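Peer 1: Pasting a structure here, questions to come.
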Amino acid sequence: MIRWKSKVNGRAGRGTKCFERTEAERLAQELNREYPQIEHEAVKMTPQMAEQESAEEKPEEKTIALTE
């Protein structure tokens with residue numbers, strides 16, 4: 001999973017897709033190069049994160065990362 005935070009306005013979130021650790025780290029590095037105004041980090045999904053996501057997010061409010 002990729003967590004991100006804007007260096008411009010402080011907004012933050014995380015992607016919805018889970019990746020293998022090495023793929024997540026590679027993707028985070030690539031996104032940091034392509035979008036330097038946003039800090040991306042590979043993180044491991046924890047049960048607490050899953051519970052928080054289901055309790056807090058409504059389907060229309062989900063944040064997704066767009067890549068080419």
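The chains in the structure tokens are called A, B, ... from first to last as shown; in each chain the residues are counted from 1, and the ligands are counted from 1 in the order shown.
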If we count only C-alpha atoms and set the cut-off at 7 Å, which residues sit around range 1-4 of chain A, ignoring sequence neighbours fewer than 2 positions away in its own chain? Please answer as a PDB file with N, CA, C and O atoms, in the first residue's frame.

Peer 2:
ATOM      1  N   SER A   6       0.843  15.630   0.706  1.00  0.00           N
ATOM      2  CA  SER A   6       1.188  16.793  -0.102  1.00  0.00           C
ATOM      3  C   SER A   6       2.128  17.695   0.678  1.00  0.00           C
ATOM      4  O   SER A   6       1.878  18.024   1.839  1.00  0.00           O
ATOM      5  N   ALA A  12      -3.340  14.411   3.021  1.00  0.00           N
ATOM      6  CA  ALA A  12      -2.708  13.098   3.061  1.00  0.00           C
ATOM      7  C   ALA A  12      -3.749  12.018   2.844  1.00  0.00           C
ATOM      8  O   ALA A  12      -4.943  12.234   3.023  1.00  0.00           O
ATOM      9  N   GLY A  13      -3.275  10.852   2.459  1.00  0.00           N
ATOM     10  CA  GLY A  13      -4.156   9.718   2.265  1.00  0.00           C
ATOM     11  C   GLY A  13      -3.352   8.481   1.929  1.00  0.00           C
ATOM     12  O   GLY A  13      -2.137   8.467   2.058  1.00  0.00           O
ATOM     13  N   ARG A  14      -4.047   7.454   1.505  1.00  0.00           N
ATOM     14  CA  ARG A  14      -3.357   6.231   1.099  1.00  0.00           C
ATOM     15  C   ARG A  14      -4.131   5.590  -0.042  1.00  0.00           C
ATOM     16  O   ARG A  14      -5.349   5.757  -0.153  1.00  0.00           O
ATOM     17  N   GLY A  15      -3.386   4.881  -0.867  1.00  0.00           N
ATOM     18  CA  GLY A  15      -4.000   4.194  -1.988  1.00  0.00           C
ATOM     19  C   GLY A  15      -4.862   3.037  -1.510  1.00  0.00           C
ATOM     20  O   GLY A  15      -4.827   2.658  -0.335  1.00  0.00           O
ATOM     21  N   THR A  16      -5.615   2.477  -2.422  1.00  0.00           N
ATOM     22  CA  THR A  16      -6.514   1.381  -2.062  1.00  0.00           C
ATOM     23  C   THR A  16      -5.990   0.025  -2.505  1.00  0.00           C
ATOM     24  O   THR A  16      -6.555  -0.998  -2.134  1.00  0.00           O
ATOM     25  N   LYS A  17      -4.911   0.011  -3.278  1.00  0.00           N
ATOM     26  CA  LYS A  17      -4.386  -1.239  -3.797  1.00  0.00           C
ATOM     27  C   LYS A  17      -3.190  -1.702  -2.966  1.00  0.00           C
ATOM     28  O   LYS A  17      -2.304  -0.923  -2.646  1.00  0.00           O
ATOM     29  N   CYS A  18      -3.179  -2.985  -2.630  1.00  0.00           N
ATOM     30  CA  CYS A  18      -2.054  -3.562  -1.896  1.00  0.00           C
ATOM     31  C   CYS A  18      -1.057  -4.154  -2.885  1.00  0.00           C
ATOM     32  O   CYS A  18      -1.446  -4.764  -3.876  1.00  0.00           O
ATOM     33  N   PHE A  19       0.224  -3.931  -2.606  1.00  0.00           N
ATOM     34  CA  PHE A  19       1.312  -4.423  -3.446  1.00  0.00           C
ATOM     35  C   PHE A  19       2.252  -5.277  -2.606  1.00  0.00           C
ATOM     36  O   PHE A  19       2.272  -5.166  -1.383  1.00  0.00           O
ATOM     37  N   ALA A  24       5.804  -2.003  -3.963  1.00  0.00           N
ATOM     38  CA  ALA A  24       5.324  -0.772  -3.344  1.00  0.00           C
ATOM     39  C   ALA A  24       6.463   0.228  -3.169  1.00  0.00           C
ATOM     40  O   ALA A  24       6.293   1.424  -3.420  1.00  0.00           O
ATOM     41  N   ALA A  28       6.619   3.805  -5.014  1.00  0.00           N
ATOM     42  CA  ALA A  28       6.725   5.027  -4.208  1.00  0.00           C
ATOM     43  C   ALA A  28       7.891   5.887  -4.697  1.00  0.00           C
ATOM     44  O   ALA A  28       7.754   7.110  -4.837  1.00  0.00           O
ATOM     45  N   ILE A  38       4.545  15.804  -3.808  1.00  0.00           N
ATOM     46  CA  ILE A  38       3.826  14.840  -2.957  1.00  0.00           C
ATOM     47  C   ILE A  38       4.816  13.775  -2.492  1.00  0.00           C
ATOM     48  O   ILE A  38       5.546  13.198  -3.289  1.00  0.00           O
ATOM     49  N   GLU A  39       4.835  13.524  -1.191  1.00  0.00           N
ATOM     50  CA  GLU A  39       5.717  12.506  -0.624  1.00  0.00           C
ATOM     51  C   GLU A  39       4.957  11.181  -0.569  1.00  0.00           C
ATOM     52  O   GLU A  39       3.869  11.104   0.010  1.00  0.00           O
ATOM     53  N   HIS A  40       5.522  10.142  -1.197  1.00  0.00           N
ATOM     54  CA  HIS A  40       4.912   8.811  -1.224  1.00  0.00           C
ATOM     55  C   HIS A  40       5.763   7.860  -0.398  1.00  0.00           C
ATOM     56  O   HIS A  40       6.984   7.951  -0.419  1.00  0.00           O
ATOM     57  N   GLU A  41       5.109   6.930   0.289  1.00  0.00           N
ATOM     58  CA  GLU A  41       5.817   5.971   1.137  1.00  0.00           C
ATOM     59  C   GLU A  41       5.103   4.621   1.087  1.00  0.00           C
ATOM     60  O   GLU A  41       3.876   4.556   1.173  1.00  0.00           O
ATOM     61  N   ALA A  42       5.885   3.563   0.972  1.00  0.00           N
ATOM     62  CA  ALA A  42       5.321   2.214   1.022  1.00  0.00           C
ATOM     63  C   ALA A  42       5.064   1.863   2.485  1.00  0.00           C
ATOM     64  O   ALA A  42       5.937   2.048   3.334  1.00  0.00           O
ATOM     65  N   VAL A  43       3.857   1.400   2.781  1.00  0.00           N
ATOM     66  CA  VAL A  43       3.504   1.009   4.147  1.00  0.00           C
ATOM     67  C   VAL A  43       2.816  -0.349   4.135  1.00  0.00           C
ATOM     68  O   VAL A  43       2.196  -0.736   3.139  1.00  0.00           O
ATOM     69  N   LYS A  44       2.912  -1.042   5.239  1.00  0.00           N
ATOM     70  CA  LYS A  44       2.241  -2.336   5.368  1.00  0.00           C
ATOM     71  C   LYS A  44       0.843  -2.111   5.941  1.00  0.00           C
ATOM     72  O   LYS A  44       0.673  -1.379   6.913  1.00  0.00           O
ATOM     73  N   MET A  45      -0.143  -2.709   5.330  1.00  0.00           N
ATOM     74  CA  MET A  45      -1.522  -2.598   5.799  1.00  0.00           C
ATOM     75  C   MET A  45      -1.651  -3.371   7.104  1.00  0.00           C
ATOM     76  O   MET A  45      -1.281  -4.536   7.181  1.00  0.00           O
TER      77      MET A  45
END

Peer 1: Work out how far apart CA of Asn9 in chain A and CA of Arg21 in chain A are and give it in Å to one decimal.

Peer 2: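 Separation of CA of Asn9 in chain A and CA of Arg21 in chain A: 27.8 Å.
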
Peer 1: I'd like the interatomic distance between CA of Gln29 in chain A and CA of Pro47 in chain A, to a tenth of an Å.

Peer 2: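 For CA of Gln29 in chain A relative to CA of Pro47 in chain A, the distance reads 25.1 Å.
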
Peer 1: Can you pull out every residue from range 9-56 of chain A that DSSP, working from the backbone, puts in alpha helix (DSSP H), and format the result as number ranges by chain?

Peer 2: A: 21-34, 47-56
